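Q: Attaching a single structure in structure tokens format; questions to follow.
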Amino acid sequence: MDLSGKRTLVAGATGVLGGALAWALHREGVRLALAGRDEAKLATLAQELGGAHAAAFDALDLDRCTDVVADTADALGGLDLLVVAIGVAAFGPGDAEDDAVTENLLAVNTLAPMALVRAALPRIEKGGGVAVLTAILADYPTAGMAAYSATKAATSAWLTALRPEQRKRGVTVFDIRPPHIETGLAGRAIAGQAPPLKEAATVDGVVGMILDGLRTGRRELRYDLQKGELTLR
């Protein structure tokens, strides 16, 4: 995909990784729109990025997720690319997990990305695509993160099933499953305390690989534990 001029929505642009992606896509020359929960931060970022269209949303509000995509498509005159970079974390033994916390994880990590993608796909034509950040947990469910792992695995599985459906339309479905990156997400967990986590990649490194994947129409970005490196497929 030639990114220049592509009408692009970054959902989760007020997060560390989402913000870095927004800046990187801006430098690629996309026609950018931003969505995020922090309204003040969103407004500042939109101004810094040349007056990008901005829309606030909370991932727990699935109707608002749908509306944000519709509003963005109207503002940009269509949509070529959706990038979803939202998520929350929670930690603790599986037999002690709280149902309300699990519901929150599912809503933000699984249901909201699905709602955003479903709203975007009818507006994306041949040559466009969707890119969703899941996590390494989709490949390697981890003790002490059972529900958290399950939500990432569910989203990844949904994207895998969606991909051949959209391939017929010429629309790319890109599942981004990075390892732990020091973005502060673990420290903002909605439950529990993160175990010691070793940073396996950098924000800049992951963003660079994501751009490469978007340009070359890849379906997956994952971390190879044996090789200790990010790989595109």
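Just so we're on the same page: first chain in the structure tokens is A, next is B, and so on; residues restart at 1 for each chain, and ligands are numbered from 1 in the order they show up.
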Using only C-alpha atoms, which protein or nucleic acid residues come within 12 Å of region 197-199 of chain A? Drop anything in the same chain fewer than 3 positions from it, and give the result as a list in words.
A: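 Non-adjacent residues within range: Thr142, Pro178, Pro179, His180, Ile181, Glu182, Thr183, Gly184, Leu185, Ala186, Gly187, Gln193, Ala194, Thr202, Val203, Gly205, Val206 and Gly228 of chain A.
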Q: Save the residues we just selected, C-alpha atoms, as a CSV table (one decimal), in the first residue's frame?
A:
```csv
chain,number,residue,atom,x,y,z
A,142,THR,CA,1.0,-16.4,30.0
A,178,PRO,CA,4.3,-7.2,19.5
A,179,PRO,CA,6.1,-8.3,22.7
A,180,HIS,CA,6.4,-6.2,25.8
A,181,ILE,CA,7.2,-2.6,25.0
A,182,GLU,CA,7.8,-0.1,27.8
A,183,THR,CA,4.8,2.2,27.2
A,184,GLY,CA,3.5,2.3,30.8
A,185,LEU,CA,0.5,0.2,30.0
A,186,ALA,CA,1.5,-2.5,32.6
A,187,GLY,CA,1.7,0.2,35.3
A,193,GLN,CA,0.4,-5.9,39.6
A,194,ALA,CA,2.6,-6.8,36.6
A,202,THR,CA,11.2,-0.5,21.4
A,203,VAL,CA,8.3,1.7,20.3
A,205,GLY,CA,11.3,-0.5,16.3
A,206,VAL,CA,7.7,-1.7,16.4
A,228,GLY,CA,14.4,-12.9,19.7
```
Q: Go through region 62-138 of chain A and collect every residue that DSSP, computed from the backbone, puts in helix (DSSP H, G or I); the answer should be as number ranges by chain.
A: A: 62-76, 94-96, 99-123, 136-138
Q: Identify which of the residues A:Leu211, A:Leu133, A:Val69, A:Leu121 lies closest to Val30 (chain A), counting only C-alpha atoms when measuring atom-to-atom distances.
A: A:Leu211
Q: What are the DSSP strand (DSSP E or B) residues of region 58-176 of chain A, as a list of chain:residue names?
A: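 Written out, the strand (DSSP E or B) residues of region 58-176 of chain A are A:Leu81, A:Leu82, A:Val83, A:Val84, A:Gly92, A:Gly129, A:Val130, A:Ala131, A:Val132, A:Leu133, A:Met145, A:Thr172, A:Val173, A:Phe174, A:Asp175, A:Ile176.
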Q: Fewer than 6 positions away in the same chain doesn't count, so skip those; otherwise give me all residues within 10 Å of Ala33 (chain A), counting only C-alpha atoms, as a VMD selection string.
A: chain A and resid 7 to 11 13 22 26 46 49 51 to 55 69 72 to 73 75 to 76 79 82
Q: Export, as a PDB file, in the first residue's frame, the selected residues with N, CA and C atoms.
A:
```pdb
ATOM      1  N   ARG A   7      -6.526   8.016   3.405  1.00  0.00           N
ATOM      2  CA  ARG A   7      -7.405   8.536   4.460  1.00  0.00           C
ATOM      3  C   ARG A   7      -7.374   7.539   5.617  1.00  0.00           C
ATOM      4  N   THR A   8      -6.772   7.963   6.731  1.00  0.00           N
ATOM      5  CA  THR A   8      -6.386   7.032   7.793  1.00  0.00           C
ATOM      6  C   THR A   8      -6.900   7.481   9.152  1.00  0.00           C
ATOM      7  N   LEU A   9      -7.533   6.561   9.867  1.00  0.00           N
ATOM      8  CA  LEU A   9      -7.959   6.798  11.245  1.00  0.00           C
ATOM      9  C   LEU A   9      -7.080   5.987  12.179  1.00  0.00           C
ATOM     10  N   VAL A  10      -6.477   6.653  13.163  1.00  0.00           N
ATOM     11  CA  VAL A  10      -5.744   5.973  14.230  1.00  0.00           C
ATOM     12  C   VAL A  10      -6.600   6.042  15.486  1.00  0.00           C
ATOM     13  N   ALA A  11      -7.154   4.916  15.884  1.00  0.00           N
ATOM     14  CA  ALA A  11      -7.956   4.830  17.100  1.00  0.00           C
ATOM     15  C   ALA A  11      -7.041   4.422  18.245  1.00  0.00           C
ATOM     16  N   ALA A  13      -5.021   7.063  19.544  1.00  0.00           N
ATOM     17  CA  ALA A  13      -3.902   7.957  19.230  1.00  0.00           C
ATOM     18  C   ALA A  13      -3.335   8.667  20.445  1.00  0.00           C
ATOM     19  N   ALA A  22       0.698   7.591  14.898  1.00  0.00           N
ATOM     20  CA  ALA A  22       0.102   8.762  14.258  1.00  0.00           C
ATOM     21  C   ALA A  22       1.179   9.671  13.672  1.00  0.00           C
ATOM     22  N   HIS A  26       1.795  10.380   9.735  1.00  0.00           N
ATOM     23  CA  HIS A  26       1.795  11.781   9.304  1.00  0.00           C
ATOM     24  C   HIS A  26       3.017  12.063   8.423  1.00  0.00           C
ATOM     25  N   ALA A  46      -3.754  16.655  17.630  1.00  0.00           N
ATOM     26  CA  ALA A  46      -4.355  16.999  16.344  1.00  0.00           C
ATOM     27  C   ALA A  46      -3.791  18.314  15.813  1.00  0.00           C
ATOM     28  N   LEU A  49      -0.262  17.862  14.573  1.00  0.00           N
ATOM     29  CA  LEU A  49      -0.223  17.104  13.326  1.00  0.00           C
ATOM     30  C   LEU A  49      -0.976  17.823  12.208  1.00  0.00           C
ATOM     31  N   GLY A  51      -3.566  19.987  12.258  1.00  0.00           N
ATOM     32  CA  GLY A  51      -5.009  20.162  12.308  1.00  0.00           C
ATOM     33  C   GLY A  51      -5.778  18.933  11.876  1.00  0.00           C
ATOM     34  N   ALA A  52      -5.268  17.773  12.246  1.00  0.00           N
ATOM     35  CA  ALA A  52      -5.946  16.518  11.907  1.00  0.00           C
ATOM     36  C   ALA A  52      -7.332  16.470  12.531  1.00  0.00           C
ATOM     37  N   HIS A  53      -8.254  15.828  11.831  1.00  0.00           N
ATOM     38  CA  HIS A  53      -9.590  15.623  12.395  1.00  0.00           C
ATOM     39  C   HIS A  53      -9.468  14.788  13.671  1.00  0.00           C
ATOM     40  N   ALA A  54     -10.188  15.168  14.724  1.00  0.00           N
ATOM     41  CA  ALA A  54     -10.089  14.465  16.004  1.00  0.00           C
ATOM     42  C   ALA A  54     -11.475  14.162  16.553  1.00  0.00           C
ATOM     43  N   ALA A  55     -11.614  12.979  17.153  1.00  0.00           N
ATOM     44  CA  ALA A  55     -12.878  12.568  17.753  1.00  0.00           C
ATOM     45  C   ALA A  55     -12.597  11.793  19.032  1.00  0.00           C
ATOM     46  N   VAL A  69     -16.010   6.040  13.671  1.00  0.00           N
ATOM     47  CA  VAL A  69     -15.607   5.644  12.318  1.00  0.00           C
ATOM     48  C   VAL A  69     -16.465   6.356  11.280  1.00  0.00           C
ATOM     49  N   THR A  72     -15.493  10.032  11.094  1.00  0.00           N
ATOM     50  CA  THR A  72     -14.195  10.188  10.428  1.00  0.00           C
ATOM     51  C   THR A  72     -14.324  10.019   8.926  1.00  0.00           C
ATOM     52  N   ALA A  73     -15.048   8.995   8.495  1.00  0.00           N
ATOM     53  CA  ALA A  73     -15.229   8.760   7.060  1.00  0.00           C
ATOM     54  C   ALA A  73     -15.913   9.958   6.404  1.00  0.00           C
ATOM     55  N   ALA A  75     -15.767  13.076   7.500  1.00  0.00           N
ATOM     56  CA  ALA A  75     -14.835  14.206   7.530  1.00  0.00           C
ATOM     57  C   ALA A  75     -13.750  14.088   6.468  1.00  0.00           C
ATOM     58  N   LEU A  76     -13.290  12.858   6.208  1.00  0.00           N
ATOM     59  CA  LEU A  76     -12.206  12.645   5.247  1.00  0.00           C
ATOM     60  C   LEU A  76     -12.700  12.371   3.832  1.00  0.00           C
ATOM     61  N   LEU A  79     -12.611   6.397   3.685  1.00  0.00           N
ATOM     62  CA  LEU A  79     -11.616   5.810   4.576  1.00  0.00           C
ATOM     63  C   LEU A  79     -10.848   4.730   3.821  1.00  0.00           C
ATOM     64  N   LEU A  82      -7.643   1.870   8.618  1.00  0.00           N
ATOM     65  CA  LEU A  82      -7.944   1.979  10.046  1.00  0.00           C
ATOM     66  C   LEU A  82      -6.832   1.316  10.826  1.00  0.00           C
TER      67      LEU A  82
END
```
Q: Taking into account only C-alpha atoms, which residue in the set A:Tyr223, A:Phe91, A:Trp23, A:Phe57 is nearest to Ala146 (chain A)?
A: A:Phe91
Q: Kindly indicate which residue among A:Thr231, A:Thr134, A:Thr66, A:Thr44 lies nearest to Ile86 (chain A), using only C-alpha atoms for the distances.
A: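 Among the listed residues, the smallest separation from Ile86 (chain A) belongs to A:Thr134.
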Q: Between A:Ala189, A:Ala131, A:Ala153, A:Ala112, which has the minimum distance to Glu220 (chain A) (counting only C-alpha atoms)?
A: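 For Glu220 (chain A), the nearest of the given residues is A:Ala131.
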Q: For a quick check of understanding, using only C-alpha atoms, which of A:Gly213, A:Arg123, A:Arg188, A:Gln166 has the smallest distance to Gly15 (chain A)?
A: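 Among the listed residues, the smallest separation from Gly15 (chain A) belongs to A:Arg188.
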Q: As a PyMOL selection string, please: the residues near region 107-110 of chain A (cut-off 7 Å, only C-alpha atoms, same-chain neighbours under 4 positions excluded).
A: chain A and resi 59-60+86-88+103+114+151-152+154-155
Q: May I have the residues from that selection written out with N, CA, C and O atoms, as a compact mmCIF listing (two decimals), in the first residue's frame?
A:
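Final output, saved to out_21.txt:
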```
# COMPACT_ATOMS: atom_id res chain seq x y z
N ALA A 59 -13.55 3.36 24.69
CA ALA A 59 -13.68 2.03 24.11
C ALA A 59 -14.76 1.19 24.78
O ALA A 59 -15.22 0.19 24.19
N LEU A 60 -15.18 1.56 25.97
CA LEU A 60 -16.26 0.83 26.64
C LEU A 60 -17.62 1.12 26.02
O LEU A 60 -18.58 0.41 26.28
N ILE A 86 -5.64 0.27 20.83
CA ILE A 86 -6.25 0.46 22.14
C ILE A 86 -6.06 -0.81 22.96
O ILE A 86 -5.86 -1.89 22.41
N GLY A 87 -6.11 -0.67 24.28
CA GLY A 87 -5.99 -1.85 25.12
C GLY A 87 -5.80 -1.52 26.58
O GLY A 87 -5.36 -0.41 26.93
N VAL A 88 -6.16 -2.46 27.44
CA VAL A 88 -5.92 -2.38 28.88
C VAL A 88 -5.34 -3.70 29.33
O VAL A 88 -5.49 -4.73 28.66
N GLU A 103 -14.81 -8.53 32.18
CA GLU A 103 -15.72 -7.86 31.25
C GLU A 103 -15.09 -6.60 30.68
O GLU A 103 -15.23 -6.30 29.49
N MET A 114 -13.29 -4.98 17.46
CA MET A 114 -14.22 -5.59 16.51
C MET A 114 -15.24 -4.58 16.02
O MET A 114 -15.53 -4.51 14.81
N THR A 151 -8.28 -12.33 25.97
CA THR A 151 -8.87 -11.25 25.17
C THR A 151 -8.02 -10.96 23.94
O THR A 151 -8.56 -10.68 22.87
N LYS A 152 -6.71 -11.03 24.08
CA LYS A 152 -5.84 -10.79 22.93
C LYS A 152 -5.93 -11.94 21.94
O LYS A 152 -5.94 -11.72 20.71
N ALA A 154 -8.50 -13.88 21.48
CA ALA A 154 -9.81 -13.81 20.84
C ALA A 154 -9.80 -12.82 19.68
O ALA A 154 -10.32 -13.09 18.59
N THR A 155 -9.21 -11.66 19.91
CA THR A 155 -9.15 -10.65 18.85
C THR A 155 -8.31 -11.14 17.68
O THR A 155 -8.68 -10.97 16.51
```
Q: Which residues are close to Glu97 (chain A), i.e. within 10 Å by only C-alpha atoms, leaving aside same-chain residues fewer than 2 positions away? Reply as a ChimeraX atom specification.
A: /A:90-95,99-102,144-147,191-192
Q: For a quick check of understanding, using only C-alpha atoms, which of A:Leu21, A:Val173, A:Ala161, A:Ala43 has the smallest distance to Met209 (chain A)?
A: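 Of A:Leu21, A:Val173, A:Ala161, A:Ala43, the one nearest Met209 (chain A), counting only C-alpha atoms, is A:Leu21.
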Q: By how many Å are CA of Gly12 (chain A) and CA of Val84 (chain A) apart?
A: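 Between CA of Gly12 (chain A) and CA of Val84 (chain A) the gap works out to 6.4 Å.
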Q: So how many Å separate CA of Ser156 (chain A) and CA of Pro122 (chain A), to one decimal?
A: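 Distance between the two atoms: 20.3 Å.
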